[in-house]
$ cat entry-v4.cif   # mmCIF, C-alpha atoms
data_query
loop_
_atom_site.label_atom_id
_atom_site.label_comp_id
_atom_site.auth_asym_id
_atom_site.auth_seq_id
_atom_site.Cartn_x
_atom_site.Cartn_y
_atom_site.Cartn_z
CA MET A 1 -96.32 -170.51 98.44
CA THR A 2 -98.73 -173.45 98.46
CA GLU A 3 -99.55 -175.04 95.14
CA ARG A 4 -103.25 -175.72 95.05
CA SER A 5 -104.87 -177.88 92.41
CA PRO A 6 -108.58 -178.51 92.01
CA ALA A 7 -109.90 -182.08 92.16
CA ILE A 8 -113.52 -181.47 91.29
CA GLY A 9 -114.80 -180.73 87.80
CA ASP A 10 -111.34 -180.28 86.40
CA GLN A 11 -109.36 -182.48 84.05
CA ARG A 12 -106.14 -181.38 85.71
CA VAL A 13 -106.52 -183.87 88.54
CA ALA A 14 -103.11 -185.51 88.44
CA LEU A 15 -103.34 -189.13 87.38
CA VAL A 16 -100.98 -190.25 90.16
CA ASP A 17 -103.19 -188.65 92.82
CA LEU A 18 -106.29 -190.22 91.28
CA LEU A 19 -104.68 -193.69 91.09
CA ASP A 20 -103.61 -193.46 94.76
CA ARG A 21 -107.29 -193.10 95.59
CA VAL A 22 -109.12 -195.36 93.13
CA LEU A 23 -106.61 -198.22 93.42
CA ALA A 24 -105.86 -198.01 97.16
CA GLY A 25 -108.97 -196.23 98.50
CA GLY A 26 -112.68 -196.83 98.14
CA VAL A 27 -114.72 -199.61 99.67
CA VAL A 28 -113.29 -202.99 98.79
CA ILE A 29 -116.02 -205.47 98.08
CA ALA A 30 -115.15 -208.54 96.11
CA GLY A 31 -117.34 -208.24 93.05
CA GLU A 32 -118.65 -211.39 91.43
CA VAL A 33 -116.42 -210.80 88.47
CA THR A 34 -112.73 -210.49 89.08
CA LEU A 35 -111.16 -208.79 86.15
CA SER A 36 -108.19 -211.03 85.70
CA ILE A 37 -105.88 -212.63 83.26
CA ALA A 38 -103.82 -215.63 84.36
CA GLU A 39 -105.04 -215.09 87.94
CA VAL A 40 -103.43 -211.67 88.26
CA ASP A 41 -106.14 -209.25 89.15
CA LEU A 42 -106.75 -206.04 87.28
CA VAL A 43 -105.47 -203.73 89.96
CA THR A 44 -102.18 -205.59 90.34
CA VAL A 45 -101.66 -205.64 86.60
CA SER A 46 -102.54 -201.97 86.37
CA LEU A 47 -100.08 -201.02 89.07
CA ARG A 48 -97.35 -202.90 87.26
CA ALA A 49 -98.34 -201.10 84.08
CA LEU A 50 -98.13 -197.83 85.97
CA VAL A 51 -94.71 -198.45 87.37
CA THR A 52 -93.27 -199.67 84.08
CA SER A 53 -94.83 -196.92 82.03
CA VAL A 54 -93.50 -193.87 83.77
CA SER A 55 -92.36 -192.35 80.50
CA ALA A 56 -95.79 -192.84 78.93
CA LEU A 57 -97.37 -191.23 81.97
CA MET A 58 -95.10 -188.22 81.84
CA GLU A 59 -95.91 -187.73 78.17
CA ASN A 60 -99.60 -187.83 79.03
CA GLN A 61 -99.16 -185.25 81.73
CA ASP A 62 -97.14 -182.97 79.50
CA ASP A 63 -100.06 -182.88 77.09
CA ARG A 64 -102.27 -181.36 79.72
CA MET B 1 -119.87 -209.49 65.29
CA ALA B 2 -119.59 -211.36 68.58
CA ALA B 3 -122.36 -210.83 71.11
CA GLU B 4 -121.43 -208.47 73.94
CA HIS B 5 -121.10 -209.98 77.37
CA HIS B 6 -122.61 -207.44 79.75
CA CYS B 7 -121.55 -206.96 83.34
CA VAL B 8 -122.38 -204.30 85.90
CA TRP B 9 -119.75 -201.81 87.07
CA LEU B 10 -120.26 -200.40 90.58
CA TYR B 11 -119.12 -196.80 91.18
CA ALA B 12 -120.50 -195.85 94.56
CA VAL B 13 -123.26 -196.28 97.11
CA THR B 14 -125.48 -193.54 98.50
CA ASP B 15 -128.86 -193.22 100.21
CA ASP B 16 -130.18 -190.06 98.59
CA VAL B 17 -133.04 -190.19 96.09
CA GLY B 18 -131.57 -187.14 94.33
CA ALA B 19 -128.23 -188.88 93.74
CA LEU B 20 -128.36 -188.84 89.96
CA PRO B 21 -128.46 -185.55 88.09
CA ALA B 22 -131.40 -184.94 85.75
CA GLY B 23 -130.57 -186.15 82.26
CA GLU B 24 -128.06 -188.79 81.39
CA LEU B 25 -124.83 -189.30 83.25
CA ALA B 26 -122.30 -191.22 81.18
CA GLY B 27 -120.03 -193.78 82.81
CA ILE B 28 -117.27 -196.05 81.53
CA GLY B 29 -117.58 -196.59 77.79
CA ALA B 30 -120.15 -193.75 77.71
CA ARG B 31 -122.80 -196.13 79.08
CA GLU B 32 -125.72 -194.65 80.98
CA VAL B 33 -125.33 -194.54 84.75
CA ARG B 34 -128.27 -195.98 86.75
CA ALA B 35 -129.24 -196.31 90.42
CA LEU B 36 -130.29 -199.68 91.88
CA TRP B 37 -132.28 -199.36 95.09
CA VAL B 38 -132.69 -201.81 97.96
CA ALA B 39 -132.94 -201.44 101.74
CA GLY B 40 -132.86 -197.63 101.46
CA LEU B 41 -129.51 -197.67 99.68
CA ALA B 42 -128.70 -196.95 96.05
CA ALA B 43 -125.90 -198.57 94.09
CA ILE B 44 -124.68 -196.30 91.30
CA VAL B 45 -123.88 -198.58 88.36
CA SER B 46 -123.59 -198.84 84.62
CA ASP B 47 -123.34 -201.75 82.20
CA VAL B 48 -119.91 -202.62 80.90
CA ASP B 49 -118.87 -204.98 78.17
CA LEU B 50 -116.80 -207.67 79.89
CA ASP B 51 -114.87 -208.53 76.74
CA GLU B 52 -113.84 -204.92 76.40
CA VAL B 53 -112.61 -204.58 79.99
CA THR B 54 -110.76 -207.89 80.17
CA LEU B 55 -108.85 -207.77 76.93
CA ARG B 56 -105.19 -208.09 77.68
CA ARG B 57 -104.30 -204.99 75.72
CA ASN B 58 -106.53 -203.04 78.08
CA LEU B 59 -104.89 -204.38 81.20
CA GLU B 60 -101.44 -203.41 80.03
CA ASP B 61 -102.54 -200.15 78.53
CA LEU B 62 -101.97 -197.09 80.66
CA ASP B 63 -104.23 -194.96 78.47
CA TRP B 64 -107.06 -197.40 79.17
CA LEU B 65 -106.31 -197.33 82.89
CA GLU B 66 -106.30 -193.53 82.86
CA SER B 67 -109.57 -193.14 80.96
CA THR B 68 -111.26 -195.79 83.13
CA ALA B 69 -110.01 -194.20 86.36
CA ARG B 70 -111.16 -190.77 85.17
CA ALA B 71 -114.60 -192.08 84.09
CA HIS B 72 -115.00 -193.85 87.46
CA HIS B 73 -113.99 -190.66 89.28
CA ALA B 74 -116.25 -188.44 87.12
CA VAL B 75 -119.35 -190.45 88.08
CA ILE B 76 -118.41 -190.48 91.77
CA GLU B 77 -117.79 -186.74 91.86
CA ALA B 78 -121.01 -185.99 89.92
CA VAL B 79 -122.99 -187.96 92.50
CA GLY B 80 -120.82 -186.73 95.37
CA ALA B 81 -121.55 -183.12 94.44
CA ARG B 82 -125.23 -183.82 95.19
CA CYS B 83 -125.17 -186.03 98.28
CA PRO B 84 -122.89 -188.04 100.60
CA VAL B 85 -121.34 -190.90 98.68
CA VAL B 86 -119.26 -193.99 99.45
CA PRO B 87 -116.86 -194.60 96.54
CA MET B 88 -116.01 -198.14 95.50
CA ARG B 89 -112.53 -199.24 94.57
CA LEU B 90 -111.85 -199.28 90.83
CA ALA B 91 -113.03 -202.45 89.04
CA THR B 92 -115.76 -203.69 91.39
CA VAL B 93 -117.79 -205.66 88.86
CA TYR B 94 -120.89 -207.89 89.08
CA SER B 95 -122.38 -210.25 86.52
CA CYS B 96 -125.87 -208.71 86.79
CA ASP B 97 -128.03 -206.26 88.77
CA ALA B 98 -129.21 -209.03 91.11
CA GLY B 99 -125.64 -209.57 92.34
CA VAL B 100 -125.32 -205.88 93.21
CA LEU B 101 -128.64 -205.90 95.07
CA THR B 102 -127.65 -208.96 97.11
CA MET B 103 -124.37 -207.29 98.08
CA LEU B 104 -126.23 -204.09 99.08
CA GLN B 105 -128.51 -206.06 101.36
CA ASP B 106 -125.66 -208.09 102.88
CA ARG B 107 -123.47 -205.05 103.50
CA ALA B 108 -126.20 -202.50 104.28
CA ALA B 109 -125.09 -201.85 107.87
CA ASP B 110 -121.40 -201.30 106.93
CA LEU B 111 -122.33 -199.08 104.02
CA ARG B 112 -124.63 -196.94 106.17
CA ASP B 113 -121.82 -196.55 108.72
CA ALA B 114 -119.44 -195.52 105.95
CA LEU B 115 -121.99 -193.02 104.59
CA SER B 116 -122.56 -191.40 107.96
CA GLY B 117 -118.79 -191.29 108.51
CA VAL B 118 -118.21 -189.09 105.48
CA ALA B 119 -121.40 -187.01 105.52
CA ALA B 120 -120.76 -183.24 105.69
CA CYS B 121 -117.04 -183.83 105.10
CA SER B 122 -114.66 -183.70 102.17
CA GLU B 123 -111.26 -185.20 101.51
CA TRP B 124 -108.18 -183.03 100.94
CA GLY B 125 -104.79 -184.19 99.75
CA VAL B 126 -101.57 -182.65 101.03
CA LYS B 127 -98.17 -183.52 99.59
CA ALA B 128 -94.87 -182.21 100.88
CA PHE B 129 -91.66 -182.10 98.88
CA ALA B 130 -88.23 -181.52 100.37
CA ALA B 131 -87.12 -177.98 99.64
CA ALA B 132 -83.82 -177.70 97.76
CA PRO B 133 -80.87 -177.50 100.17
CA ALA B 134 -78.94 -174.25 100.29
CA ASP B 135 -75.53 -174.45 98.60
CA PRO B 136 -72.79 -174.81 101.21
CA ASP B 137 -70.49 -171.83 101.62
CA PRO B 138 -67.27 -172.21 99.66
CA PRO B 139 -64.16 -172.66 101.84
CA GLU B 140 -62.29 -169.46 102.57
CA GLU B 141 -59.54 -168.37 100.18
CA GLY B 142 -56.17 -169.70 101.25
CA ALA B 143 -57.68 -172.02 103.84
CA VAL B 144 -56.92 -175.07 101.73
CA SER B 145 -53.60 -175.67 100.10
CA ARG B 146 -54.31 -178.57 97.74
CA PRO B 147 -57.04 -178.82 95.05
CA GLY B 148 -57.85 -182.45 95.96
CA THR B 149 -58.45 -181.53 99.57
CA ALA B 150 -60.61 -178.60 98.51
CA TYR B 151 -62.72 -180.88 96.34
CA LEU B 152 -63.18 -183.40 99.13
CA GLN B 153 -64.14 -180.70 101.60
CA ARG B 154 -66.60 -179.18 99.16
CA ARG B 155 -68.11 -182.58 98.41
CA ARG B 156 -68.42 -183.42 102.11
CA ALA B 157 -70.11 -180.10 102.80
CA GLN B 158 -72.48 -180.69 99.89
CA LEU B 159 -73.44 -184.19 101.07
CA SER B 160 -73.95 -183.07 104.62
CA SER B 161 -76.09 -180.19 103.39
CA HIS B 162 -78.28 -182.63 101.42
CA THR B 163 -78.61 -185.00 104.37
CA HIS B 164 -79.41 -182.10 106.63
CA ALA B 165 -82.08 -180.80 104.21
CA ARG B 166 -83.63 -184.26 104.01
CA HIS B 167 -83.79 -184.60 107.80
CA GLU B 168 -85.24 -181.12 108.12
CA ALA B 169 -87.85 -181.96 105.47
CA MET B 170 -88.86 -185.15 107.27
CA ALA B 171 -89.23 -183.21 110.53
CA GLY B 172 -91.22 -180.54 108.68
CA ALA B 173 -93.51 -183.18 107.20
CA ARG B 174 -94.15 -184.70 110.63
CA ALA B 175 -95.03 -181.29 112.07
CA VAL B 176 -97.32 -180.47 109.13
CA HIS B 177 -99.07 -183.84 109.40
CA ALA B 178 -99.55 -183.49 113.16
CA GLU B 179 -101.09 -180.04 112.83
CA LEU B 180 -103.38 -180.96 109.91
CA SER B 181 -104.47 -184.16 111.68
CA ARG B 182 -105.68 -182.06 114.60
CA LEU B 183 -107.91 -180.06 112.23
CA SER B 184 -109.39 -183.10 110.53
CA VAL B 185 -111.86 -185.82 111.39
CA SER B 186 -109.45 -188.46 110.14
CA ALA B 187 -106.14 -188.75 108.31
CA ARG B 188 -104.54 -191.34 106.08
CA LEU B 189 -101.01 -191.67 104.78
CA TYR B 190 -100.19 -192.93 101.31
CA PRO B 191 -96.70 -194.02 100.28
CA PRO B 192 -94.77 -191.07 98.83
CA GLN B 193 -95.02 -190.98 95.03
CA ALA B 194 -91.86 -191.73 93.05
CA PRO B 195 -90.07 -188.66 91.62
CA GLY B 196 -90.63 -190.04 88.08
CA LEU B 197 -94.38 -189.92 88.64
CA THR B 198 -94.69 -186.55 90.34
CA GLY B 199 -92.79 -184.60 87.70
CA GLN B 200 -90.76 -183.07 90.55
CA THR B 201 -87.08 -183.68 91.11
CA ALA B 202 -87.41 -183.05 94.86
CA PRO B 203 -88.27 -186.15 96.89
CA MET B 204 -91.80 -186.37 98.29
CA VAL B 205 -91.74 -186.61 102.08
CA LEU B 206 -95.49 -186.61 102.79
CA ASN B 207 -98.46 -187.92 100.77
CA ALA B 208 -101.47 -187.61 103.04
CA ALA B 209 -105.24 -187.40 102.81
CA TYR B 210 -107.39 -185.62 105.39
CA LEU B 211 -111.12 -185.89 105.98
CA VAL B 212 -112.23 -182.37 106.85
CA ALA B 213 -115.63 -181.29 108.18
CA ASP B 214 -117.33 -178.85 105.80
CA GLU B 215 -117.31 -176.02 108.36
CA ARG B 216 -113.52 -176.33 108.86
CA VAL B 217 -112.45 -176.41 105.21
CA ASP B 218 -111.51 -172.70 105.11
CA GLU B 219 -109.51 -173.05 108.32
CA PHE B 220 -107.79 -176.15 106.93
CA ALA B 221 -106.77 -174.42 103.68
CA ALA B 222 -105.58 -171.33 105.58
CA THR B 223 -103.52 -173.56 107.87
CA VAL B 224 -101.85 -175.27 104.90
CA ASN B 225 -100.86 -171.83 103.63
CA ASP B 226 -99.64 -170.79 107.04
CA LEU B 227 -97.61 -174.00 107.47
CA THR B 228 -95.89 -173.31 104.15
CA GLY B 229 -94.61 -170.05 105.59
CA ARG B 230 -93.50 -171.61 108.87
CA HIS B 231 -91.75 -174.73 107.53
CA ARG B 232 -89.15 -173.67 104.97
CA SER B 233 -87.79 -177.21 104.73
CA VAL B 234 -90.82 -178.41 102.73
CA ARG B 235 -92.90 -177.28 99.80
CA LEU B 236 -96.60 -178.14 100.21
CA GLY B 237 -99.21 -178.94 97.57
CA LEU B 238 -102.95 -179.07 98.35
CA THR B 239 -105.51 -180.95 96.23
CA GLY B 240 -109.23 -181.21 96.69
CA PRO B 241 -111.99 -181.42 97.52
CA TRP B 242 -112.03 -185.14 96.67
CA PRO B 243 -114.84 -187.61 97.26
CA ALA B 244 -113.90 -189.44 100.47
CA TYR B 245 -112.01 -192.28 98.74
CA SER B 246 -109.49 -192.60 101.53
CA PHE B 247 -111.96 -192.78 104.43
CA VAL B 248 -114.50 -195.47 103.59
CA GLY B 249 -112.42 -198.63 103.73
CA GLY B 250 -111.94 -198.99 107.48
CA HIS B 251 -108.27 -197.94 107.42
CA ASP B 252 -106.47 -196.90 110.58
CA ARG B 253 -105.75 -193.30 111.23
CA GLY B 254 -102.18 -192.51 110.16
CA ASP B 255 -100.09 -191.17 112.98
CA ARG B 256 -96.67 -190.53 111.51
CA PRO B 257 -95.43 -189.90 107.99
#
$ encode --input "entry-v4.cif" --output "structure tokens"
Amino acid sequence: MTERSPAIGDQRVALVDLLDRVLAGGVVIAGEVTLSIAEVDLVTVSLRALVTSVSALMENQDDR
Amino acid sequence: MAAEHHCVWLYAVTDDVGALPAGELAGIGAREVRALWVAGLAAIVSDVDLDEVTLRRNLEDLDWLESTARAHHAVIEAVGARCPVVPMRLATVYSCDAGVLTMLQDRAADLRDALSGVAACSEWGVKAFAAAPADPDPPEEGAVSRPGTAYLQRRRAQLSSHTHARHEAMAGARAVHAELSRLSVSARLYPPQAPGLTGQTAPMVLNAAYLVADERVDEFAATVNDLTGRHRSVRLGLTGPWPAYSFVGGHDRGDRP
């Protein structure tokens, strides 16, 4: 059986699927403001946070 | 209290005057979402407080990343439900409205191309997981004389059954991707998600996005169901419709998983 999950209008969009798209998809235009700390841009930092926070993520998903 | 340092967060670009729903649409930090028009294009934006988005605790905070990603997505899907939309990557930020308008003018041709590329289409995600391998048959009674040998034989059979299942799953994923690519306008492959992130113990062997024309969506979904029946080596999951995140950045069409 195919598991089918809605993406529109539903909070059950899996965070991992959403992050695939908003961090690696979308039009990339260098904004005027790079959200950065110590020259590491936001997206890089966020990805590191994602990878190192697997347990936090799983707890979040279990809540849903 | 320190003065807030406002910046402008860009969600998406569209060309439809009806892009924003009547009434307020709330963006990141519950700020009101606005449309900035120039050259027949509208940038969907809201103000953000720069201090709030650049604080180190935010950058390292997965809860912040999740709520920001969901707020970004919620605005894009609200607009995308009304008209074709080109989503921006998360964290595209300008210092003021004028910066957004200059970008719109400079990139107008590209953005119009991207808009026409995703009009009357939606994005669908398909993930395939390797199906659990069947347990190998136990060796026949009396066929093995020594317990150590029996263990080694059992272990070898088990390993070869796992390797076989993995190879079958990869082949299944390639077949699924080839068939779904034929039904779609475009396809894109993402790296498989780590087992710790998917909540599944089975390895992911395909993480793909497909841009599907509106009139073929039913056929696409039916085909995913049908493929599940035909390829026992994989378990398929379908998500969507998504705004066309994966098909606006000029990426190549993915050929093989």
$ resolve_selection --input "entry-v4.cif" --expression "the PyMOL selection byres ((chain A and resi 22-25) around 12)" --output "PyMOL selection string"
(chain A and resi 15-21+26-29+41-47+50) or (chain B and resi 11-12+65-66+68-74+76+86-92+123+188-191+209+242-251)
$ closest_residue --input "entry-v4.cif" --among "B:Ile28, B:Val13, B:Ala78, B:Val48" --to "Leu101 of chain B" --atoms "all atoms listed in the file"
B:Val13
$ atom_distance --input "entry-v4.cif" --atom1 "atom CA of Gln200 of chain B" --atom2 "atom CA of Leu180 of chain B"
23.2 Å
$ residues_near_point --input "entry-v4.cif" --point "(-123.1, -210.7, 87.6)" --cutoff "8 Å" --atoms "all atoms listed in the file" --output "PyMOL selection string"
(chain A and resi 32-33) or (chain B and resi 7-8+93-100)
$ write_last_selection --input "entry-v4.cif" --atoms "C-alpha atoms" --output "mmCIF file, in the frame of the given file"
data_model
loop_
_atom_site.group_PDB
_atom_site.id
_atom_site.type_symbol
_atom_site.label_atom_id
_atom_site.label_comp_id
_atom_site.auth_asym_id
_atom_site.auth_seq_id
_atom_site.Cartn_x
_atom_site.Cartn_y
_atom_site.Cartn_z
ATOM 1 C CA GLU A 32 -118.650 -211.390 91.430
ATOM 2 C CA VAL A 33 -116.420 -210.800 88.470
ATOM 3 C CA CYS B 7 -121.550 -206.960 83.340
ATOM 4 C CA VAL B 8 -122.380 -204.300 85.900
ATOM 5 C CA VAL B 93 -117.790 -205.660 88.860
ATOM 6 C CA TYR B 94 -120.890 -207.890 89.080
ATOM 7 C CA SER B 95 -122.380 -210.250 86.520
ATOM 8 C CA CYS B 96 -125.870 -208.710 86.790
ATOM 9 C CA ASP B 97 -128.030 -206.260 88.770
ATOM 10 C CA ALA B 98 -129.210 -209.030 91.110
ATOM 11 C CA GLY B 99 -125.640 -209.570 92.340
ATOM 12 C CA VAL B 100 -125.320 -205.880 93.210
#
$ residues_near_point --input "entry-v4.cif" --point "(-124.0, -184.9, 98.2)" --cutoff "12 Å" --atoms "only C-alpha atoms" --output "PyMOL selection string"
chain B and resi 13-21+76-86+115-116+118-122+214+243-244
$ decode --input "entry-v4.cif" --residues "segment 77-94 of chain B" --atoms "N, CA and C atoms" --output "PDB file, in the first residue's frame"
ATOM      1  N   GLU B  77       2.205  28.526   0.372  1.00  0.00           N
ATOM      2  CA  GLU B  77       1.078  27.684  -0.043  1.00  0.00           C
ATOM      3  C   GLU B  77      -0.232  28.472  -0.072  1.00  0.00           C
ATOM      4  N   ALA B  78      -0.375  29.478   0.819  1.00  0.00           N
ATOM      5  CA  ALA B  78      -1.592  30.303   0.790  1.00  0.00           C
ATOM      6  C   ALA B  78      -1.669  31.075  -0.525  1.00  0.00           C
ATOM      7  N   VAL B  79      -0.533  31.606  -0.956  1.00  0.00           N
ATOM      8  CA  VAL B  79      -0.503  32.334  -2.226  1.00  0.00           C
ATOM      9  C   VAL B  79      -0.602  31.342  -3.385  1.00  0.00           C
ATOM     10  N   GLY B  80       0.119  30.226  -3.259  1.00  0.00           N
ATOM     11  CA  GLY B  80       0.143  29.222  -4.321  1.00  0.00           C
ATOM     12  C   GLY B  80      -1.209  28.579  -4.564  1.00  0.00           C
ATOM     13  N   ALA B  81      -2.077  28.594  -3.558  1.00  0.00           N
ATOM     14  CA  ALA B  81      -3.421  28.035  -3.727  1.00  0.00           C
ATOM     15  C   ALA B  81      -4.269  28.941  -4.613  1.00  0.00           C
ATOM     16  N   ARG B  82      -3.821  30.194  -4.809  1.00  0.00           N
ATOM     17  CA  ARG B  82      -4.613  31.163  -5.560  1.00  0.00           C
ATOM     18  C   ARG B  82      -4.068  31.424  -6.951  1.00  0.00           C
ATOM     19  N   CYS B  83      -2.771  31.242  -7.141  1.00  0.00           N
ATOM     20  CA  CYS B  83      -2.168  31.574  -8.438  1.00  0.00           C
ATOM     21  C   CYS B  83      -0.790  30.924  -8.540  1.00  0.00           C
ATOM     22  N   PRO B  84      -0.224  30.853  -9.764  1.00  0.00           N
ATOM     23  CA  PRO B  84       1.130  30.303  -9.904  1.00  0.00           C
ATOM     24  C   PRO B  84       2.110  31.125  -9.062  1.00  0.00           C
ATOM     25  N   VAL B  85       3.064  30.447  -8.463  1.00  0.00           N
ATOM     26  CA  VAL B  85       3.960  31.132  -7.546  1.00  0.00           C
ATOM     27  C   VAL B  85       5.369  30.553  -7.674  1.00  0.00           C
ATOM     28  N   VAL B  86       6.365  31.430  -7.587  1.00  0.00           N
ATOM     29  CA  VAL B  86       7.763  30.994  -7.567  1.00  0.00           C
ATOM     30  C   VAL B  86       8.282  31.150  -6.145  1.00  0.00           C
ATOM     31  N   PRO B  87       8.494  30.037  -5.434  1.00  0.00           N
ATOM     32  CA  PRO B  87       8.974  30.141  -4.046  1.00  0.00           C
ATOM     33  C   PRO B  87      10.441  30.568  -3.997  1.00  0.00           C
ATOM     34  N   MET B  88      10.786  31.322  -2.968  1.00  0.00           N
ATOM     35  CA  MET B  88      12.174  31.687  -2.726  1.00  0.00           C
ATOM     36  C   MET B  88      12.762  30.729  -1.702  1.00  0.00           C
ATOM     37  N   ARG B  89      14.074  30.548  -1.774  1.00  0.00           N
ATOM     38  CA  ARG B  89      14.733  29.750  -0.744  1.00  0.00           C
ATOM     39  C   ARG B  89      14.583  30.437   0.612  1.00  0.00           C
ATOM     40  N   LEU B  90      14.540  29.630   1.654  1.00  0.00           N
ATOM     41  CA  LEU B  90      14.418  30.150   3.021  1.00  0.00           C
ATOM     42  C   LEU B  90      15.532  31.162   3.312  1.00  0.00           C
ATOM     43  N   ALA B  91      15.148  32.264   3.976  1.00  0.00           N
ATOM     44  CA  ALA B  91      16.106  33.286   4.425  1.00  0.00           C
ATOM     45  C   ALA B  91      16.648  34.141   3.297  1.00  0.00           C
ATOM     46  N   THR B  92      15.777  34.557   2.361  1.00  0.00           N
ATOM     47  CA  THR B  92      16.148  35.572   1.375  1.00  0.00           C
ATOM     48  C   THR B  92      15.673  36.907   1.946  1.00  0.00           C
ATOM     49  N   VAL B  93      16.599  37.730   2.390  1.00  0.00           N
ATOM     50  CA  VAL B  93      16.257  38.900   3.196  1.00  0.00           C
ATOM     51  C   VAL B  93      16.877  40.175   2.615  1.00  0.00           C
ATOM     52  N   TYR B  94      16.082  41.241   2.569  1.00  0.00           N
ATOM     53  CA  TYR B  94      16.536  42.549   2.075  1.00  0.00           C
ATOM     54  C   TYR B  94      16.453  43.573   3.194  1.00  0.00           C
TER      55      TYR B  94
END
